[in-house]
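Novice: This is structure.txt, which holds compact mmCIF, C-alpha atoms:
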# COMPACT_ATOMS: atom_id res chain seq x y z
CA MET A 1 -232.64 -57.77 234.81
CA ASN A 2 -229.10 -56.91 233.73
CA ALA A 3 -227.79 -60.15 235.21
CA CYS A 4 -230.38 -62.05 233.17
CA ILE A 5 -229.49 -60.17 229.97
CA ARG A 6 -225.82 -60.92 230.59
CA ALA A 7 -226.55 -64.61 231.10
CA VAL A 8 -228.64 -64.84 227.91
CA VAL A 9 -225.91 -63.22 225.81
CA ARG A 10 -223.09 -65.31 227.22
CA SER A 11 -225.05 -68.57 227.19
CA ALA A 12 -226.08 -67.98 223.59
CA HIS A 13 -222.46 -67.26 222.64
CA TYR A 14 -221.34 -70.41 224.45
CA HIS A 15 -223.72 -72.45 222.30
CA GLY A 16 -222.61 -70.75 219.08
CA LEU A 17 -225.71 -68.62 218.65
CA GLU A 18 -226.01 -65.02 217.56
CA VAL A 19 -227.99 -62.87 219.96
CA TYR A 20 -229.58 -59.45 219.57
CA GLY A 21 -230.78 -56.98 222.16
CA ILE A 22 -234.11 -55.24 221.66
CA ARG A 23 -234.36 -51.87 223.37
CA ARG A 24 -237.64 -50.86 225.04
CA GLY A 25 -239.26 -54.28 224.77
CA TYR A 26 -242.09 -54.81 222.31
CA GLN A 27 -242.19 -51.14 221.38
CA GLY A 28 -238.54 -51.22 220.39
CA MET A 29 -239.20 -54.39 218.42
CA ILE A 30 -241.86 -52.56 216.40
CA GLU A 31 -239.57 -49.58 215.82
CA GLY A 32 -236.53 -51.65 214.91
CA GLU A 33 -234.35 -50.80 217.92
CA ILE A 34 -232.45 -54.05 217.54
CA SER A 35 -228.68 -54.51 217.71
CA LYS A 36 -226.32 -57.46 217.86
CA LEU A 37 -224.77 -58.25 221.24
CA VAL A 38 -221.52 -60.05 222.01
CA PRO A 39 -220.16 -61.04 225.44
CA GLY A 40 -218.11 -57.86 225.72
CA ASP A 41 -221.27 -55.77 225.38
CA VAL A 42 -222.64 -57.14 228.64
CA ALA A 43 -219.45 -56.86 230.68
CA ASN A 44 -219.69 -54.80 233.85
CA ILE A 45 -223.51 -54.65 234.00
CA ILE A 46 -224.29 -57.40 236.52
CA GLN A 47 -224.01 -55.00 239.48
CA TYR A 48 -226.48 -52.42 238.17
CA GLY A 49 -230.20 -52.27 238.82
CA GLY A 50 -232.79 -51.78 236.11
CA THR A 51 -232.00 -52.82 232.55
CA VAL A 52 -229.47 -51.54 230.02
CA LEU A 53 -231.96 -52.42 227.28
CA LYS A 54 -234.62 -50.19 228.85
CA THR A 55 -238.28 -51.10 228.95
CA ALA A 56 -241.59 -49.62 227.84
CA ARG A 57 -245.29 -50.39 227.76
CA SER A 58 -246.46 -50.89 224.19
CA LYS A 59 -250.06 -50.28 223.19
CA ASP A 60 -248.99 -50.76 219.57
CA PHE A 61 -248.01 -54.38 220.23
CA MET A 62 -251.55 -55.05 221.44
CA GLN A 63 -252.77 -54.41 217.89
CA PRO A 64 -252.32 -56.84 214.94
CA GLU A 65 -250.70 -54.08 212.88
CA GLY A 66 -248.07 -53.49 215.56
CA ARG A 67 -247.23 -57.16 215.88
CA LYS A 68 -246.93 -57.42 212.09
CA LYS A 69 -244.36 -54.61 212.10
CA ALA A 70 -242.49 -56.31 214.95
CA TYR A 71 -242.33 -59.57 213.01
CA ALA A 72 -240.97 -57.76 209.95
CA GLU A 73 -238.19 -56.24 212.06
CA LEU A 74 -237.25 -59.64 213.49
CA GLN A 75 -237.11 -61.06 209.97
CA LYS A 76 -234.64 -58.37 208.93
CA HIS A 77 -232.21 -59.62 211.56
CA GLY A 78 -232.91 -63.33 211.16
CA ILE A 79 -234.17 -63.65 214.73
CA GLU A 80 -235.71 -67.08 215.36
CA GLY A 81 -236.55 -66.99 219.07
CA LEU A 82 -237.10 -64.57 221.94
CA VAL A 83 -236.21 -64.42 225.61
CA CYS A 84 -238.74 -62.14 227.31
CA ILE A 85 -238.11 -60.82 230.81
CA GLY A 86 -241.31 -59.66 232.49
CA GLY A 87 -244.66 -60.74 233.86
CA ASN A 88 -248.18 -61.60 232.77
CA GLY A 89 -248.42 -58.85 230.16
CA THR A 90 -245.09 -59.86 228.64
CA TYR A 91 -246.07 -63.53 228.56
CA THR A 92 -249.48 -62.78 227.05
CA GLY A 93 -247.95 -60.74 224.24
CA ALA A 94 -245.34 -63.41 223.52
CA GLY A 95 -248.00 -66.13 223.36
CA ILE A 96 -250.13 -64.22 220.87
CA PHE A 97 -247.06 -63.39 218.81
CA TYR A 98 -246.20 -67.09 218.57
CA GLU A 99 -249.72 -67.99 217.47
CA GLU A 100 -249.63 -65.39 214.71
CA PHE A 101 -246.06 -65.69 213.45
CA GLY A 102 -244.51 -68.82 214.94
CA ILE A 103 -241.66 -67.05 216.77
CA PRO A 104 -241.00 -69.13 219.92
CA SER A 105 -240.56 -67.31 223.20
CA VAL A 106 -239.29 -68.28 226.63
CA GLY A 107 -240.12 -66.03 229.55
CA ALA A 108 -238.00 -65.14 232.57
CA PRO A 109 -240.02 -63.82 235.54
CA GLY A 110 -239.04 -60.21 236.18
CA THR A 111 -241.07 -58.33 238.80
CA ILE A 112 -240.30 -57.16 242.31
CA ASP A 113 -243.79 -58.24 243.44
CA ASN A 114 -242.87 -61.96 243.31
CA ASP A 115 -246.44 -62.77 242.28
CA LEU A 116 -245.78 -64.93 239.20
CA TYR A 117 -246.79 -68.57 239.33
CA GLY A 118 -244.13 -71.17 238.52
CA THR A 119 -241.21 -69.86 240.53
CA ASP A 120 -240.42 -69.42 244.21
CA PHE A 121 -238.82 -66.04 243.54
CA THR A 122 -238.86 -63.53 240.71
CA ILE A 123 -236.00 -61.38 239.48
CA GLY A 124 -235.84 -58.22 241.59
CA PHE A 125 -237.83 -59.42 244.58
CA ASP A 126 -234.94 -60.12 246.93
CA THR A 127 -233.36 -56.75 246.14
CA ALA A 128 -236.67 -54.96 246.75
CA VAL A 129 -237.13 -56.71 250.11
CA ASN A 130 -233.61 -55.81 251.23
CA THR A 131 -234.06 -52.20 250.11
CA ALA A 132 -237.30 -51.98 252.07
CA LEU A 133 -235.65 -53.64 255.06
CA ASP A 134 -232.82 -51.11 255.06
CA ALA A 135 -235.38 -48.29 255.15
CA ILE A 136 -237.37 -50.01 257.91
CA ASP A 137 -234.23 -50.37 260.02
CA ARG A 138 -233.50 -46.65 259.64
CA ILE A 139 -237.08 -45.67 260.47
CA ARG A 140 -236.97 -47.93 263.51
CA ASP A 141 -234.18 -45.75 264.97
CA THR A 142 -236.35 -42.64 264.93
CA ALA A 143 -239.44 -44.59 266.04
CA ASP A 144 -237.52 -45.86 269.06
CA SER A 145 -235.98 -42.48 269.89
CA HIS A 146 -239.30 -40.60 269.75
CA ASN A 147 -241.65 -43.37 270.91
CA ARG A 148 -243.63 -43.25 267.67
CA LEU A 149 -245.76 -45.70 265.76
CA PHE A 150 -244.85 -45.83 262.08
CA PHE A 151 -246.99 -47.12 259.24
CA ILE A 152 -244.54 -47.97 256.45
CA GLU A 153 -246.00 -48.57 253.00
CA VAL A 154 -244.17 -50.88 250.60
CA MET A 155 -245.03 -51.86 247.03
CA GLY A 156 -247.51 -54.64 246.36
CA ARG A 157 -250.68 -53.49 244.64
CA ASP A 158 -252.09 -57.01 244.35
CA SER A 159 -249.68 -59.06 246.43
CA GLY A 160 -248.09 -58.84 249.84
CA PHE A 161 -244.85 -60.73 249.32
CA ILE A 162 -242.61 -57.69 249.90
CA ALA A 163 -244.60 -56.57 252.93
CA LEU A 164 -244.61 -60.03 254.49
CA ASN A 165 -240.90 -60.71 254.05
CA ALA A 166 -239.70 -57.21 254.90
CA GLY A 167 -242.10 -57.09 257.84
CA ILE A 168 -240.82 -60.30 259.39
CA ALA A 169 -237.17 -59.40 258.79
CA GLY A 170 -237.76 -55.88 260.11
CA GLY A 171 -239.46 -57.01 263.31
CA ALA A 172 -242.78 -55.36 262.44
CA GLU A 173 -245.52 -55.55 265.03
CA GLY A 174 -248.15 -55.67 262.31
CA ILE A 175 -248.26 -56.53 258.61
CA LEU A 176 -251.18 -55.72 256.31
CA LEU A 177 -251.52 -57.67 253.04
CA PRO A 178 -253.98 -57.58 250.11
CA GLU A 179 -254.45 -61.36 250.42
CA VAL A 180 -255.64 -61.29 254.06
CA MET A 181 -259.09 -59.81 254.61
CA SER A 182 -258.93 -59.77 258.42
CA ASP A 183 -255.46 -58.31 258.88
CA TYR A 184 -256.66 -54.85 260.02
CA ASP A 185 -259.09 -56.38 262.52
CA ASP A 186 -256.28 -58.55 263.85
CA LEU A 187 -254.11 -55.46 264.23
CA ILE A 188 -256.83 -53.64 266.19
CA ARG A 189 -257.32 -56.59 268.53
CA HIS A 190 -253.58 -56.77 269.07
CA PHE A 191 -253.34 -53.13 270.15
CA GLU A 192 -256.47 -53.33 272.28
CA ASP A 193 -254.89 -56.09 274.33
CA LYS A 194 -252.86 -54.00 276.77
CA SER A 195 -250.98 -57.03 278.03
CA LYS A 196 -249.27 -57.30 274.65
CA ARG A 197 -248.09 -53.70 274.63
CA LYS A 198 -244.55 -54.10 275.92
CA LYS A 199 -242.89 -51.69 273.48
CA GLU A 200 -243.14 -47.92 273.46
CA PHE A 201 -242.80 -47.77 269.67
CA SER A 202 -244.12 -49.88 266.81
CA ILE A 203 -243.57 -50.59 263.13
CA ILE A 204 -246.54 -51.56 260.95
CA VAL A 205 -245.76 -52.59 257.36
CA VAL A 206 -248.53 -52.04 254.83
CA ALA A 207 -248.68 -53.37 251.26
CA GLU A 208 -249.95 -50.54 249.03
CA GLY A 209 -252.85 -52.67 247.80
CA ASP A 210 -254.26 -53.62 251.21
CA LYS A 211 -258.06 -53.82 251.21
CA GLU A 212 -258.29 -51.24 254.02
CA GLY A 213 -256.56 -48.62 251.86
CA ASN A 214 -253.11 -47.08 251.67
CA ALA A 215 -250.91 -46.32 254.67
CA PHE A 216 -252.29 -42.78 255.12
CA GLU A 217 -255.90 -43.96 255.10
CA ILE A 218 -255.19 -46.80 257.51
CA SER A 219 -253.19 -44.58 259.86
CA ASP A 220 -256.01 -42.01 259.97
CA LYS A 221 -258.51 -44.70 260.88
CA PHE A 222 -256.12 -46.16 263.44
CA GLN A 223 -255.44 -42.74 265.01
CA LYS A 224 -259.16 -42.13 265.59
CA ARG A 225 -259.33 -45.36 267.55
CA PHE A 226 -256.03 -44.96 269.41
CA ASP A 227 -255.54 -41.23 269.88
CA GLY A 228 -252.76 -41.70 272.40
CA TYR A 229 -250.19 -42.77 269.82
CA ASP A 230 -247.80 -40.45 268.03
CA ILE A 231 -248.26 -41.82 264.50
CA ARG A 232 -246.18 -41.19 261.39
CA VAL A 233 -246.43 -42.55 257.84
CA SER A 234 -243.59 -43.33 255.45
CA VAL A 235 -244.20 -44.43 251.84
CA LEU A 236 -241.09 -46.08 250.42
CA GLY A 237 -242.33 -45.95 246.82
CA HIS A 238 -240.01 -46.39 243.89
CA ILE A 239 -236.78 -46.61 245.86
CA GLN A 240 -237.67 -50.30 246.08
CA ARG A 241 -237.29 -50.67 242.32
CA GLY A 242 -233.66 -49.61 242.04
CA GLY A 243 -230.22 -50.02 243.53
CA LYS A 244 -227.56 -52.68 243.45
CA PRO A 245 -229.08 -56.16 243.09
CA THR A 246 -228.40 -58.62 245.88
CA ALA A 247 -226.29 -61.72 245.39
CA ASN A 248 -229.44 -63.87 245.46
CA ASP A 249 -231.01 -61.82 242.66
CA ARG A 250 -227.87 -61.93 240.53
CA ILE A 251 -227.61 -65.71 240.88
CA LEU A 252 -231.33 -66.22 240.22
CA ALA A 253 -231.30 -63.98 237.15
CA SER A 254 -228.16 -65.66 235.80
CA THR A 255 -229.69 -69.11 236.31
CA LEU A 256 -232.91 -68.14 234.56
CA GLY A 257 -231.17 -66.43 231.66
CA ASN A 258 -229.11 -69.54 230.98
CA ALA A 259 -232.16 -71.79 231.36
CA ALA A 260 -234.15 -69.67 228.89
CA VAL A 261 -231.50 -70.14 226.20
CA GLU A 262 -231.44 -73.88 226.86
CA GLN A 263 -235.22 -74.06 226.48
CA LEU A 264 -235.08 -72.33 223.10
CA LEU A 265 -232.34 -74.72 221.99
CA ALA A 266 -234.55 -77.63 223.06
CA GLY A 267 -237.28 -76.35 220.76
CA ASN A 268 -239.69 -75.23 223.47
CA ALA A 269 -242.03 -72.28 223.09
CA ASN A 270 -244.62 -70.46 225.17
CA VAL A 271 -243.00 -71.47 228.44
CA CYS A 272 -241.36 -69.57 231.27
CA VAL A 273 -238.46 -70.64 233.43
CA GLY A 274 -238.47 -70.45 237.20
CA VAL A 275 -236.74 -71.90 240.25
CA VAL A 276 -238.74 -74.07 242.66
CA ASN A 277 -237.00 -75.72 245.62
CA HIS A 278 -233.64 -74.64 244.16
CA LYS A 279 -234.27 -76.42 240.85
CA VAL A 280 -235.15 -74.95 237.46
CA GLN A 281 -238.80 -75.53 236.63
CA ILE A 282 -240.63 -75.00 233.35
CA THR A 283 -244.19 -73.63 233.35
CA SER A 284 -246.42 -72.90 230.38
CA PHE A 285 -247.41 -69.31 229.69
CA LYS A 286 -251.04 -70.37 230.12
CA GLU A 287 -250.43 -71.66 233.65
CA ALA A 288 -248.21 -68.74 234.64
CA ILE A 289 -250.85 -66.25 233.52
CA SER A 290 -253.98 -68.00 234.80
CA LEU A 291 -252.83 -69.45 238.12
CA ARG A 292 -252.37 -67.24 241.17
CA LYS A 293 -249.38 -67.56 243.44
CA SER A 294 -250.30 -67.53 247.12
CA ILE A 295 -248.35 -66.13 250.01
CA ASP A 296 -246.57 -68.64 252.22
CA GLN A 297 -249.03 -69.40 255.02
CA THR A 298 -246.19 -70.62 257.20
CA LEU A 299 -244.57 -67.18 256.97
CA TRP A 300 -247.88 -65.46 257.70
CA THR A 301 -248.35 -67.59 260.82
CA LEU A 302 -244.77 -66.82 261.83
CA ALA A 303 -245.37 -63.08 261.42
CA LYS A 304 -248.43 -63.20 263.71
CA THR A 305 -246.60 -65.31 266.28
CA LEU A 306 -243.55 -63.04 266.46
CA ALA A 307 -245.66 -59.87 266.67
CA ASN A 308 -246.70 -60.74 270.23
Using the file provided, produce a representation of the structure as C-alpha cells.
Specialist:
Amino acid sequence: MNACIRAVVRSAHYHGLEVYGIRRGYQGMIEGEISKLVPGDVANIIQYGGTVLKTARSKDFMQPEGRKKAYAELQKHGIEGLVCIGGNGTYTGAGIFYEEFGIPSVGAPGTIDNDLYGTDFTIGFDTAVNTALDAIDRIRDTADSHNRLFFIEVMGRDSGFIALNAGIAGGAEGILLPEVMSDYDDLIRHFEDKSKRKKEFSIIVVAEGDKEGNAFEISDKFQKRFDGYDIRVSVLGHIQRGGKPTANDRILASTLGNAAVEQLLAGNANVCVGVVNHKVQITSFKEAISLRKSIDQTLWTLAKTLAN
C-alpha cells in the first residue's frame, strides 16, 4: 500500500492538488488524524510492506453519527475527494459516505486475497504469493530429506488465489481451494492410484477456507486413510501479509494510485481502479462489491495436470 500512497501524493502534486493523509482509515477520519502530505513525505517508503498511514476497522463509521463526524473533519481541511485503498468494506463505506455527504471516492484494490472483481490482481497479492512460495521451497527441502508429506496452509478464507498460484509455482502435488468442492476427493483418488506415486515426499497446499477444514483437520483425516505417510503440517499465517513488496506489486500499486487521482480529476465517484489485461479499468463500487471474481480455470486445470 505504501507504493500506492506514494503514487497518490506525487500524482496529486504533479496536477497541482493538495493532498492529505488520513491515519487509521475511517476511524482516523472520525478522530481527525489528518495531515498534509508533500512529495518529500513519501520518499523512501516504496520498499516497505504494510502502510505508513496505518489501518483500522471502524465500527463508528458504520453509524450515521460517526460518518457525520468524519465529514466535519474533512470540511476542516477542505478535502473534496478521497482515494480509498481496501476491499469490499472500504468500498461500501465510501459509497454510503458519498450518498450522505457528496464526497467522491475512488477505490484502489488492496488485499492479498486477490478476490476483488474488476482487476486481474490486487495490491499485495503478488508479494503474498512469493512469500508463500519462499516458505514452500524451504519446507520442500525438509520434506525431501525426511520423506515426509507436508500440508501447508496459506491464507484465503473465501478464495484460493494464493493457494493456486503458490501451489503451481511450488510444484505442489495437491491444492485445496474453497471454490472447488471436489478437491479433497480428487486428492484421495490421486494418492490411491499407486501408479502415480513416483515421489517419496509430497507438498499439499491448502487455502485456510477450504470446505474440508483447515490443514490440521484435513491432515488428520488424510492420515487415517493413509497411515503409511509421515505427515506434517505448516501454517504460514501472517508472514504472508508483510515483507518487501515485489516489483510487480510496486508497479501495480503505483499505476493504481496515479489512476485514482486521474479519476477524481475527471469528476468520477463511487468507482474503483484496476488493471485488466495490462490496461487500467474502471469498475463501479456496486459491481466490485456484488460480483464475485472466479479463479482462473485454466490455472486449475494446469495444477491438476502437473500434479501427475
Novice: Using all atoms listed in the file, what does the table of range 149-210 of chain A residues within 12 Å of range 222-231 of chain A look like, with each row giving the shortest atom pair and its distance in Å to one decimal, sorted by chain and ascending number, as CSV?
Specialist:
residue,atom,partner,partner_atom,distance
A:Leu149,CA,A:Ile231,CA,4.8
A:Phe150,CA,A:Ile231,CA,5.8
A:Phe151,CA,A:Ile231,CA,7.6
A:Ile152,CA,A:Ile231,CA,10.8
A:Tyr184,CA,A:Phe222,CA,9.4
A:Asp185,CA,A:Phe222,CA,10.7
A:Leu187,CA,A:Phe222,CA,9.5
A:Ile188,CA,A:Phe222,CA,8.0
A:Arg189,CA,A:Arg225,CA,11.5
A:Phe191,CA,A:Phe226,CA,8.6
A:Glu192,CA,A:Phe226,CA,8.9
A:Glu200,CA,A:Tyr229,CA,9.5
A:Phe201,CA,A:Tyr229,CA,8.9
A:Ser202,CA,A:Ile231,CA,9.4
A:Ile203,CA,A:Ile231,CA,10.0
A:Ile204,CA,A:Ile231,CA,10.5
Novice: So how far away is CA of Leu256 in chain A from CA of Ser35 in chain A, in Å?
Specialist: 22.1 Å
Novice: Just checking: using all atoms listed in the file, which residue out of A:Tyr20, A:Tyr117, A:Phe97, A:Phe125 ends up closest to Cys272 in chain A?
Specialist: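 The closest residue to Cys272 in chain A is A:Tyr117.
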Novice: Wanna dump the range 42-70 of chain A-range 25-33 of chain A contacts at 7 Å for me, each residue with its shortest atom pair and the distance in Å to one decimal, counting all atoms listed in the file, ordered by chain and number, as a Markdown table?
Specialist:
| residue | atom | partner | partner_atom | distance |
| --- | --- | --- | --- | --- |
| A:Thr55 | CA | A:Gly25 | CA | 5.3 |
| A:Ala56 | CA | A:Gly25 | CA | 6.0 |
| A:Ser58 | CA | A:Gln27 | CA | 5.1 |
| A:Phe61 | CA | A:Tyr26 | CA | 6.3 |
| A:Gly66 | CA | A:Ile30 | CA | 6.3 |
| A:Lys69 | CA | A:Ile30 | CA | 5.4 |
| A:Ala70 | CA | A:Ile30 | CA | 4.1 |
Novice: Between CA of Glu73 in chain A and CA of Ile34 in chain A, what is the distance in Å, rounded to a tenth?
Specialist: 8.2 Å
Novice: Excluding Thr51 in chain A and residues on its chain fewer than 4 positions from it, collect all residues at most 10 Å away from it, counting all atoms listed in the file, and give them as a list in words.
Specialist: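 Once the adjacent positions are removed, what remains is Met1, Asn2, Ala3, Cys4, Ile5, Arg23, Arg24, Ile45, Ile46 and Thr55 of chain A.
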Novice: How big is the axis-aligned box, and where does its centre sit, when it encloses all atoms of range 65-71 of chain A listed in the file and has 5 Å added on every side, reported in Å to one decimal as lines of an AutoDock Vina configuration file?
Specialist:
center_x = -246.5
center_y = -56.5
center_z = 214.0
size_x = 18.4
size_y = 16.1
size_z = 13.8
Novice: List the spatial neighbours of Thr283 in chain A as a list of chain:residue names - criterion: any atom at most 8 Å away, only C-alpha atoms, same-chain residues fewer than 6 positions off excluded.
Specialist: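 So the residues in contact are A:Gly118, A:Val271, A:Cys272, A:Val273, A:Gly274.
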Novice: Since we have the selection now, will you write its residues out, keeping C-alpha atoms, as an mmCIF file, in the frame of the given file?
Specialist:
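And here is the file that came out, out22.cif:
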data_model
loop_
_atom_site.group_PDB
_atom_site.id
_atom_site.type_symbol
_atom_site.label_atom_id
_atom_site.label_comp_id
_atom_site.auth_asym_id
_atom_site.auth_seq_id
_atom_site.Cartn_x
_atom_site.Cartn_y
_atom_site.Cartn_z
ATOM 1 C CA GLY A 118 -244.130 -71.170 238.520
ATOM 2 C CA VAL A 271 -243.000 -71.470 228.440
ATOM 3 C CA CYS A 272 -241.360 -69.570 231.270
ATOM 4 C CA VAL A 273 -238.460 -70.640 233.430
ATOM 5 C CA GLY A 274 -238.470 -70.450 237.200
#
Novice: Let me make sure I understand: among A:Gly170, A:Pro178, A:Gly81, A:Gly107, which one has the smallest atom-to-atom distance to Ser294 in chain A if we use only C-alpha atoms?
Specialist: A:Pro178
Novice: Report the distance between CA of Arg57 in chain A and CA of Gly86 in chain A in Å, rounded to one decimal place.
Specialist: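 These two atoms are separated by 11.1 Å.
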Novice: Output range 201-214 of chain A as a PDB file, in the frame of the given file, making sure N, CA and C atoms are there.
Specialist:
ATOM      1  N   PHE A 201    -242.725 -48.161 271.084  1.00  0.00           N
ATOM      2  CA  PHE A 201    -242.800 -47.770 269.670  1.00  0.00           C
ATOM      3  C   PHE A 201    -243.205 -49.000 268.865  1.00  0.00           C
ATOM      4  N   SER A 202    -243.680 -48.770 267.645  1.00  0.00           N
ATOM      5  CA  SER A 202    -244.120 -49.880 266.810  1.00  0.00           C
ATOM      6  C   SER A 202    -243.877 -49.584 265.341  1.00  0.00           C
ATOM      7  N   ILE A 203    -243.685 -50.658 264.585  1.00  0.00           N
ATOM      8  CA  ILE A 203    -243.570 -50.590 263.130  1.00  0.00           C
ATOM      9  C   ILE A 203    -244.689 -51.441 262.529  1.00  0.00           C
ATOM     10  N   ILE A 204    -245.503 -50.844 261.680  1.00  0.00           N
ATOM     11  CA  ILE A 204    -246.540 -51.560 260.950  1.00  0.00           C
ATOM     12  C   ILE A 204    -246.209 -51.451 259.462  1.00  0.00           C
ATOM     13  N   VAL A 205    -246.069 -52.583 258.796  1.00  0.00           N
ATOM     14  CA  VAL A 205    -245.760 -52.590 257.360  1.00  0.00           C
ATOM     15  C   VAL A 205    -247.040 -52.840 256.585  1.00  0.00           C
ATOM     16  N   VAL A 206    -247.295 -51.982 255.610  1.00  0.00           N
ATOM     17  CA  VAL A 206    -248.530 -52.040 254.830  1.00  0.00           C
ATOM     18  C   VAL A 206    -248.207 -52.218 253.350  1.00  0.00           C
ATOM     19  N   ALA A 207    -248.770 -53.244 252.711  1.00  0.00           N
ATOM     20  CA  ALA A 207    -248.680 -53.370 251.260  1.00  0.00           C
ATOM     21  C   ALA A 207    -249.615 -52.328 250.643  1.00  0.00           C
ATOM     22  N   GLU A 208    -249.182 -51.649 249.598  1.00  0.00           N
ATOM     23  CA  GLU A 208    -249.950 -50.540 249.030  1.00  0.00           C
ATOM     24  C   GLU A 208    -251.354 -50.937 248.581  1.00  0.00           C
ATOM     25  N   GLY A 209    -251.545 -52.235 248.287  1.00  0.00           N
ATOM     26  CA  GLY A 209    -252.850 -52.670 247.800  1.00  0.00           C
ATOM     27  C   GLY A 209    -253.734 -53.272 248.867  1.00  0.00           C
ATOM     28  N   ASP A 210    -253.439 -53.037 250.146  1.00  0.00           N
ATOM     29  CA  ASP A 210    -254.260 -53.620 251.210  1.00  0.00           C
ATOM     30  C   ASP A 210    -255.712 -53.165 251.068  1.00  0.00           C
ATOM     31  N   LYS A 211    -256.625 -54.083 251.384  1.00  0.00           N
ATOM     32  CA  LYS A 211    -258.060 -53.820 251.210  1.00  0.00           C
ATOM     33  C   LYS A 211    -258.553 -52.645 252.050  1.00  0.00           C
ATOM     34  N   GLU A 212    -257.873 -52.348 253.149  1.00  0.00           N
ATOM     35  CA  GLU A 212    -258.290 -51.240 254.020  1.00  0.00           C
ATOM     36  C   GLU A 212    -257.867 -49.888 253.465  1.00  0.00           C
ATOM     37  N   GLY A 213    -257.021 -49.872 252.446  1.00  0.00           N
ATOM     38  CA  GLY A 213    -256.560 -48.620 251.860  1.00  0.00           C
ATOM     39  C   GLY A 213    -255.047 -48.489 251.945  1.00  0.00           C
ATOM     40  N   ASN A 214    -254.551 -47.298 251.590  1.00  0.00           N
ATOM     41  CA  ASN A 214    -253.110 -47.080 251.670  1.00  0.00           C
ATOM     42  C   ASN A 214    -252.702 -46.742 253.102  1.00  0.00           C
TER      43      ASN A 214
END
